[in-house]
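Okay, coords_34.pdb is below, PDB, C-alpha atoms, pLDDT in the B column:
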```pdb
ATOM      1  CA  MET A   1     -11.167  -5.091  68.455  1.00 42.00           C
ATOM      2  CA  ASN A   2      -7.489  -4.524  69.188  1.00 50.00           C
ATOM      3  CA  ARG A   3      -5.200  -6.655  67.019  1.00 61.00           C
ATOM      4  CA  ASN A   4      -1.873  -5.441  68.481  1.00 69.00           C
ATOM      5  CA  ASN A   5      -0.186  -5.796  65.094  1.00 90.00           C
ATOM      6  CA  LYS A   6       3.402  -4.820  64.399  1.00 94.00           C
ATOM      7  CA  TRP A   7       4.386  -2.519  61.525  1.00 95.00           C
ATOM      8  CA  LEU A   8       7.628  -1.221  60.035  1.00 94.00           C
ATOM      9  CA  VAL A   9       7.522   2.195  58.362  1.00 94.00           C
ATOM     10  CA  LEU A  10      10.020   4.634  56.868  1.00 92.00           C
ATOM     11  CA  GLY A  11      10.592   8.007  58.502  1.00 92.00           C
ATOM     12  CA  ASN A  12      12.120  10.366  55.945  1.00 91.00           C
ATOM     13  CA  PRO A  13      14.340  12.987  57.676  1.00 92.00           C
ATOM     14  CA  ASN A  14      14.229  15.139  54.517  1.00 93.00           C
ATOM     15  CA  ILE A  15      10.487  15.641  55.052  1.00 94.00           C
ATOM     16  CA  CYS A  16      10.078  15.637  58.835  1.00 96.00           C
ATOM     17  CA  ARG A  17      12.437  15.662  61.814  1.00 97.00           C
ATOM     18  CA  HIS A  18      10.786  12.638  63.452  1.00 97.00           C
ATOM     19  CA  THR A  19      13.690  12.098  65.840  1.00 96.00           C
ATOM     20  CA  ASP A  20      13.393  15.647  67.175  1.00 98.00           C
ATOM     21  CA  SER A  21       9.637  15.254  67.570  1.00 98.00           C
ATOM     22  CA  LEU A  22      10.030  12.003  69.506  1.00 98.00           C
ATOM     23  CA  HIS A  23      12.682  13.519  71.759  1.00 98.00           C
ATOM     24  CA  LYS A  24      10.875  16.808  72.401  1.00 98.00           C
ATOM     25  CA  ILE A  25       7.167  15.914  72.581  1.00 98.00           C
ATOM     26  CA  GLY A  26       7.327  12.115  72.854  1.00 98.00           C
ATOM     27  CA  PHE A  27       5.365  11.243  69.723  1.00 98.00           C
ATOM     28  CA  VAL A  28       5.002  11.715  65.963  1.00 98.00           C
ATOM     29  CA  SER A  29       1.884  12.156  63.875  1.00 97.00           C
ATOM     30  CA  TRP A  30       1.381   9.617  61.085  1.00 96.00           C
ATOM     31  CA  VAL A  31      -1.140  10.025  58.277  1.00 94.00           C
ATOM     32  CA  GLN A  32      -4.243   7.853  58.725  1.00 94.00           C
ATOM     33  CA  LYS A  33      -5.264   7.628  55.071  1.00 91.00           C
ATOM     34  CA  SER A  34      -2.498   5.266  53.946  1.00 87.00           C
ATOM     35  CA  TYR A  35      -1.996   3.153  57.069  1.00 91.00           C
ATOM     36  CA  PRO A  36      -4.495   0.673  58.555  1.00 92.00           C
ATOM     37  CA  PHE A  37      -3.165   0.997  62.101  1.00 94.00           C
ATOM     38  CA  GLU A  38      -5.326   0.412  65.150  1.00 94.00           C
ATOM     39  CA  ILE A  39      -4.968   1.762  68.671  1.00 95.00           C
ATOM     40  CA  GLY A  40      -2.458  -0.426  70.526  1.00 95.00           C
ATOM     41  CA  ASP A  41      -0.490  -1.532  67.441  1.00 95.00           C
ATOM     42  CA  ASN A  42       3.301  -1.229  67.613  1.00 96.00           C
ATOM     43  CA  VAL A  43       5.007   0.762  64.868  1.00 96.00           C
ATOM     44  CA  TYR A  44       8.777   0.615  64.334  1.00 96.00           C
ATOM     45  CA  LEU A  45      10.388   3.599  62.620  1.00 96.00           C
ATOM     46  CA  TYR A  46      13.222   3.015  60.167  1.00 93.00           C
ATOM     47  CA  ILE A  47      15.208   6.267  59.942  1.00 92.00           C
ATOM     48  CA  ASN A  48      18.657   6.910  58.444  1.00 89.00           C
ATOM     49  CA  GLY A  49      19.421   3.283  57.583  1.00 90.00           C
ATOM     50  CA  ALA A  50      18.242   1.504  60.722  1.00 93.00           C
ATOM     51  CA  VAL A  51      15.227   0.813  62.901  1.00 95.00           C
ATOM     52  CA  ARG A  52      15.608   3.370  65.670  1.00 95.00           C
ATOM     53  CA  PHE A  53      12.268   3.683  67.465  1.00 97.00           C
ATOM     54  CA  LYS A  54       9.469   1.540  68.812  1.00 97.00           C
ATOM     55  CA  THR A  55       6.178   3.419  69.115  1.00 98.00           C
ATOM     56  CA  THR A  56       2.604   2.524  69.890  1.00 97.00           C
ATOM     57  CA  VAL A  57      -0.515   3.834  68.207  1.00 97.00           C
ATOM     58  CA  GLU A  58      -1.961   5.890  71.032  1.00 97.00           C
ATOM     59  CA  ALA A  59      -4.789   7.788  69.348  1.00 97.00           C
ATOM     60  CA  ALA A  60      -6.430   8.776  66.089  1.00 96.00           C
ATOM     61  CA  VAL A  61      -6.808  12.555  65.834  1.00 95.00           C
ATOM     62  CA  ASP A  62      -8.301  14.865  63.227  1.00 94.00           C
ATOM     63  CA  HIS A  63      -5.202  17.046  62.835  1.00 92.00           C
ATOM     64  CA  ARG A  64      -1.408  16.936  62.789  1.00 94.00           C
ATOM     65  CA  GLU A  65       0.237  17.535  66.166  1.00 95.00           C
ATOM     66  CA  ASP A  66       3.906  17.611  65.114  1.00 96.00           C
ATOM     67  CA  SER A  67       3.835  20.393  62.491  1.00 96.00           C
ATOM     68  CA  GLU A  68       6.750  22.279  64.052  1.00 96.00           C
ATOM     69  CA  PHE A  69       9.097  19.439  63.063  1.00 97.00           C
ATOM     70  CA  TRP A  70       8.292  19.417  59.351  1.00 96.00           C
ATOM     71  CA  ILE A  71      10.946  20.700  56.946  1.00 96.00           C
ATOM     72  CA  GLY A  72       8.338  22.432  54.771  1.00 92.00           C
ATOM     73  CA  LYS A  73       4.693  23.150  55.364  1.00 94.00           C
ATOM     74  CA  ALA A  74       3.126  20.238  57.198  1.00 93.00           C
ATOM     75  CA  PRO A  75       0.033  18.737  55.594  1.00 91.00           C
ATOM     76  CA  GLN A  76      -3.075  18.997  57.743  1.00 90.00           C
ATOM     77  CA  HIS A  77      -5.118  15.818  57.735  1.00 92.00           C
ATOM     78  CA  PRO A  78      -6.222  13.120  60.188  1.00 96.00           C
ATOM     79  CA  THR A  79      -3.273  11.346  61.795  1.00 96.00           C
ATOM     80  CA  PHE A  80      -2.386   8.655  64.268  1.00 97.00           C
ATOM     81  CA  ARG A  81      -0.366   9.676  67.319  1.00 98.00           C
ATOM     82  CA  LEU A  82       2.597   7.298  67.604  1.00 98.00           C
ATOM     83  CA  ARG A  83       3.856   7.487  71.197  1.00 98.00           C
ATOM     84  CA  LEU A  84       7.547   6.695  71.785  1.00 98.00           C
ATOM     85  CA  LEU A  85       8.095   3.514  73.765  1.00 98.00           C
ATOM     86  CA  LYS A  86      11.812   2.940  73.279  1.00 97.00           C
ATOM     87  CA  GLU A  87      14.816   4.119  71.270  1.00 96.00           C
ATOM     88  CA  LEU A  88      17.772   1.980  70.187  1.00 94.00           C
ATOM     89  CA  ASP A  89      21.297   3.259  69.713  1.00 83.00           C
ATOM     90  CA  GLY A  90      23.812   1.631  67.414  1.00 75.00           C
ATOM     91  CA  ASN A  91      23.347  -0.432  64.294  1.00 76.00           C
ATOM     92  CA  ASP A  92      21.816  -3.637  65.649  1.00 83.00           C
ATOM     93  CA  LEU A  93      18.855  -3.066  63.346  1.00 93.00           C
ATOM     94  CA  SER A  94      20.691  -1.679  60.312  1.00 92.00           C
ATOM     95  CA  GLU A  95      19.683  -2.508  56.756  1.00 89.00           C
ATOM     96  CA  ASN A  96      22.422  -5.159  56.476  1.00 90.00           C
ATOM     97  CA  GLU A  97      21.295  -6.863  59.693  1.00 91.00           C
ATOM     98  CA  LEU A  98      17.640  -6.821  58.629  1.00 92.00           C
ATOM     99  CA  LYS A  99      18.402  -8.400  55.233  1.00 91.00           C
ATOM    100  CA  GLN A 100      18.969 -11.703  57.049  1.00 92.00           C
ATOM    101  CA  PHE A 101      15.205 -11.688  57.644  1.00 91.00           C
ATOM    102  CA  GLY A 102      14.137 -10.865  54.107  1.00 88.00           C
ATOM    103  CA  PHE A 103      14.282  -7.063  54.335  1.00 90.00           C
ATOM    104  CA  LYS A 104      14.738  -5.586  50.861  1.00 84.00           C
ATOM    105  CA  GLY A 105      16.265  -2.278  51.933  1.00 77.00           C
ATOM    106  CA  GLY A 106      15.001   1.165  52.842  1.00 71.00           C
ATOM    107  CA  ARG A 107      13.371   1.735  49.449  1.00 70.00           C
ATOM    108  CA  SER A 108      11.087  -1.229  50.115  1.00 69.00           C
ATOM    109  CA  LEU A 109       9.505   0.828  52.901  1.00 75.00           C
ATOM    110  CA  ARG A 110       7.683   3.162  50.540  1.00 71.00           C
ATOM    111  CA  HIS A 111       4.839   1.003  51.800  1.00 71.00           C
ATOM    112  CA  TYR A 112       4.702  -0.411  55.310  1.00 86.00           C
ATOM    113  CA  ILE A 113       5.795  -3.939  56.196  1.00 89.00           C
ATOM    114  CA  HIS A 114       3.514  -6.034  58.363  1.00 90.00           C
ATOM    115  CA  HIS A 115       3.353  -9.526  56.811  1.00 89.00           C
ATOM    116  CA  ASN A 116       6.993 -10.468  57.485  1.00 91.00           C
ATOM    117  CA  THR A 117       6.395 -11.754  61.005  1.00 90.00           C
ATOM    118  CA  GLU A 118       9.909 -13.214  61.341  1.00 93.00           C
ATOM    119  CA  LEU A 119      11.446  -9.796  60.661  1.00 93.00           C
ATOM    120  CA  LEU A 120       9.036  -7.999  62.966  1.00 94.00           C
ATOM    121  CA  GLU A 121       9.531 -10.501  65.808  1.00 93.00           C
ATOM    122  CA  TYR A 122      13.317 -10.111  65.469  1.00 94.00           C
ATOM    123  CA  ILE A 123      13.010  -6.321  65.635  1.00 95.00           C
ATOM    124  CA  ASP A 124      10.689  -6.624  68.640  1.00 94.00           C
ATOM    125  CA  SER A 125      13.160  -8.898  70.459  1.00 93.00           C
ATOM    126  CA  LEU A 126      15.885  -6.242  70.334  1.00 93.00           C
ATOM    127  CA  PHE A 127      13.577  -3.648  71.903  1.00 93.00           C
ATOM    128  CA  GLU A 128      12.861  -5.819  74.953  1.00 85.00           C
TER     129      GLU A 128
END
```
Show how you would write the structure in this file as structure tokens.
Amino acid sequence: MNRNNKWLVLGNPNICRHTDSLHKIGFVSWVQKSYPFEIGDNVYLYINGAVRFKTTVEAAVDHREDSEFWIGKAPQHPTFRLRLLKELDGNDLSENELKQFGFKGGRSLRHYIHHNTELLEYIDSLFE
């Protein structure tokens, strides 16, 4: 069953160069163990103080495919392939803008956000 859920996650540029991965190979690998994504779900990446990327869960694979973009040694475990759909420039989805919809700041993304449908629908509207 494909739920087509929306998720907001934190991409930490001190751990992995997600932006470079998205630009060069068109996707990032995201650990399966901690995220209940399904194929077809949309995942928004919050990087450097703003939501920058809309991706879709394209596949579940048994290894990491973006190791070359990790700052240190990349962990090897099952991942989801998050395919780039669209990138936003500017600060339309900055932390201050998102707070209007109940966003608690970047630190709140230590765990994904998926229950705040108003926030996620607002983010989705700017990617259309």
For segment 25-29 of chain A, what centre and edge lengths in Å (one decimal) does the axis-aligned box get once 6 Å is added on each side of all its listed atoms, as JSON?
```
{"center_x": 4.6, "center_y": 13.6, "center_z": 68.4, "size_x": 17.4, "size_y": 16.7, "size_z": 21.0}
```
Subject >> Residue neighbourhood Thr117 of chain A, 12 Å, only C-alpha atoms, exclusion window fewer than 4 positions, as a list in words >> reply: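 Here the qualifying residues turn out to be Asn5, Lys6, Trp7, Leu8, Phe101, Gly102, Phe103, Ile113, Glu121, Tyr122, Ile123, Asp124 and Ser125 of chain A.
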**OP:** Write out as a ChimeraX atom specification each polymer residue whose atoms come within 7 Å of Val31 of chain A, counting all atoms listed in the file; drop sequence neighbours fewer than 5 positions from it.
**Re:** /A:78-80
**OP:** Run the PyMOL selection byres ((chain A and resi 93) around 12) on the file and write out the hits as a VMD selection string.
**Re:** chain A and resid 8 44 to 54 87 to 92 94 to 101 103 105 to 106 119 to 120 122 to 127
Quick one: write out the picked residues with C-alpha atoms as a PDB file, keeping the file's coordinate frame?
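Wrote result14.pdb, looks like this:
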```pdb
ATOM      1  CA  LEU A   8       7.628  -1.221  60.035  1.00 94.00           C
ATOM      2  CA  TYR A  44       8.777   0.615  64.334  1.00 96.00           C
ATOM      3  CA  LEU A  45      10.388   3.599  62.620  1.00 96.00           C
ATOM      4  CA  TYR A  46      13.222   3.015  60.167  1.00 93.00           C
ATOM      5  CA  ILE A  47      15.208   6.267  59.942  1.00 92.00           C
ATOM      6  CA  ASN A  48      18.657   6.910  58.444  1.00 89.00           C
ATOM      7  CA  GLY A  49      19.421   3.283  57.583  1.00 90.00           C
ATOM      8  CA  ALA A  50      18.242   1.504  60.722  1.00 93.00           C
ATOM      9  CA  VAL A  51      15.227   0.813  62.901  1.00 95.00           C
ATOM     10  CA  ARG A  52      15.608   3.370  65.670  1.00 95.00           C
ATOM     11  CA  PHE A  53      12.268   3.683  67.465  1.00 97.00           C
ATOM     12  CA  LYS A  54       9.469   1.540  68.812  1.00 97.00           C
ATOM     13  CA  GLU A  87      14.816   4.119  71.270  1.00 96.00           C
ATOM     14  CA  LEU A  88      17.772   1.980  70.187  1.00 94.00           C
ATOM     15  CA  ASP A  89      21.297   3.259  69.713  1.00 83.00           C
ATOM     16  CA  GLY A  90      23.812   1.631  67.414  1.00 75.00           C
ATOM     17  CA  ASN A  91      23.347  -0.432  64.294  1.00 76.00           C
ATOM     18  CA  ASP A  92      21.816  -3.637  65.649  1.00 83.00           C
ATOM     19  CA  SER A  94      20.691  -1.679  60.312  1.00 92.00           C
ATOM     20  CA  GLU A  95      19.683  -2.508  56.756  1.00 89.00           C
ATOM     21  CA  ASN A  96      22.422  -5.159  56.476  1.00 90.00           C
ATOM     22  CA  GLU A  97      21.295  -6.863  59.693  1.00 91.00           C
ATOM     23  CA  LEU A  98      17.640  -6.821  58.629  1.00 92.00           C
ATOM     24  CA  LYS A  99      18.402  -8.400  55.233  1.00 91.00           C
ATOM     25  CA  GLN A 100      18.969 -11.703  57.049  1.00 92.00           C
ATOM     26  CA  PHE A 101      15.205 -11.688  57.644  1.00 91.00           C
ATOM     27  CA  PHE A 103      14.282  -7.063  54.335  1.00 90.00           C
ATOM     28  CA  GLY A 105      16.265  -2.278  51.933  1.00 77.00           C
ATOM     29  CA  GLY A 106      15.001   1.165  52.842  1.00 71.00           C
ATOM     30  CA  LEU A 119      11.446  -9.796  60.661  1.00 93.00           C
ATOM     31  CA  LEU A 120       9.036  -7.999  62.966  1.00 94.00           C
ATOM     32  CA  TYR A 122      13.317 -10.111  65.469  1.00 94.00           C
ATOM     33  CA  ILE A 123      13.010  -6.321  65.635  1.00 95.00           C
ATOM     34  CA  ASP A 124      10.689  -6.624  68.640  1.00 94.00           C
ATOM     35  CA  SER A 125      13.160  -8.898  70.459  1.00 93.00           C
ATOM     36  CA  LEU A 126      15.885  -6.242  70.334  1.00 93.00           C
ATOM     37  CA  PHE A 127      13.577  -3.648  71.903  1.00 93.00           C
TER      38      PHE A 127
END
```
**OP:** Name the residues within 9 Å of (4.0, 6.0, 71.2), counting all atoms listed in the file in the file's coordinates, and put them as a ChimeraX atom specification.
**Re:** /A:22,26-28,42-43,54-58,81-86
**OP:** Please write the residues picked by the PyMOL selection byres ((chain A and resi 21) around 10) on this file as a VMD selection string.
**Re:** chain A and resid 16 to 20 22 to 29 65 to 70 84
**OP:** Could you check how far atom CA of Trp30 of chain A sits from atom CA of Asn116 of chain A, in Å to one decimal?
**Re:**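 Atom-to-atom, atom CA of Trp30 of chain A and atom CA of Asn116 of chain A are spaced 21.2 Å apart.
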Original post:
Rounded to one decimal in Å, what is the spacing between atom CA of Ile71 of chain A and atom CA of Ile15 of chain A?
Top reply: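 Rounded to one decimal, the two atoms are 5.4 Å apart.
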Original post:
With distances taken over only C-alpha atoms, which of A:His63, A:Val9, A:Ala74, A:Glu38 is nearest to Arg110 of chain A?
Top reply: A:Val9
Original post:
Quick one, how far is atom CA of Gln32 of chain A from atom CA of Asn12 of chain A?
Top reply: 16.8 Å
**OP:** Give the answer as one residue: which of A:Glu118, A:Tyr112, A:Lys33, A:Glu128 has the shortest atom-to-atom distance to Gln76 of chain A, using all atoms listed in the file?
**Re:**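 Under the stated criterion, the closest residue is A:Lys33.
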Original post:
Which is closer to Ala60 of chain A than all the others in A:Arg107, A:Tyr35, A:Pro75, A:Gly11, using all atoms listed in the file?
Top reply: A:Tyr35
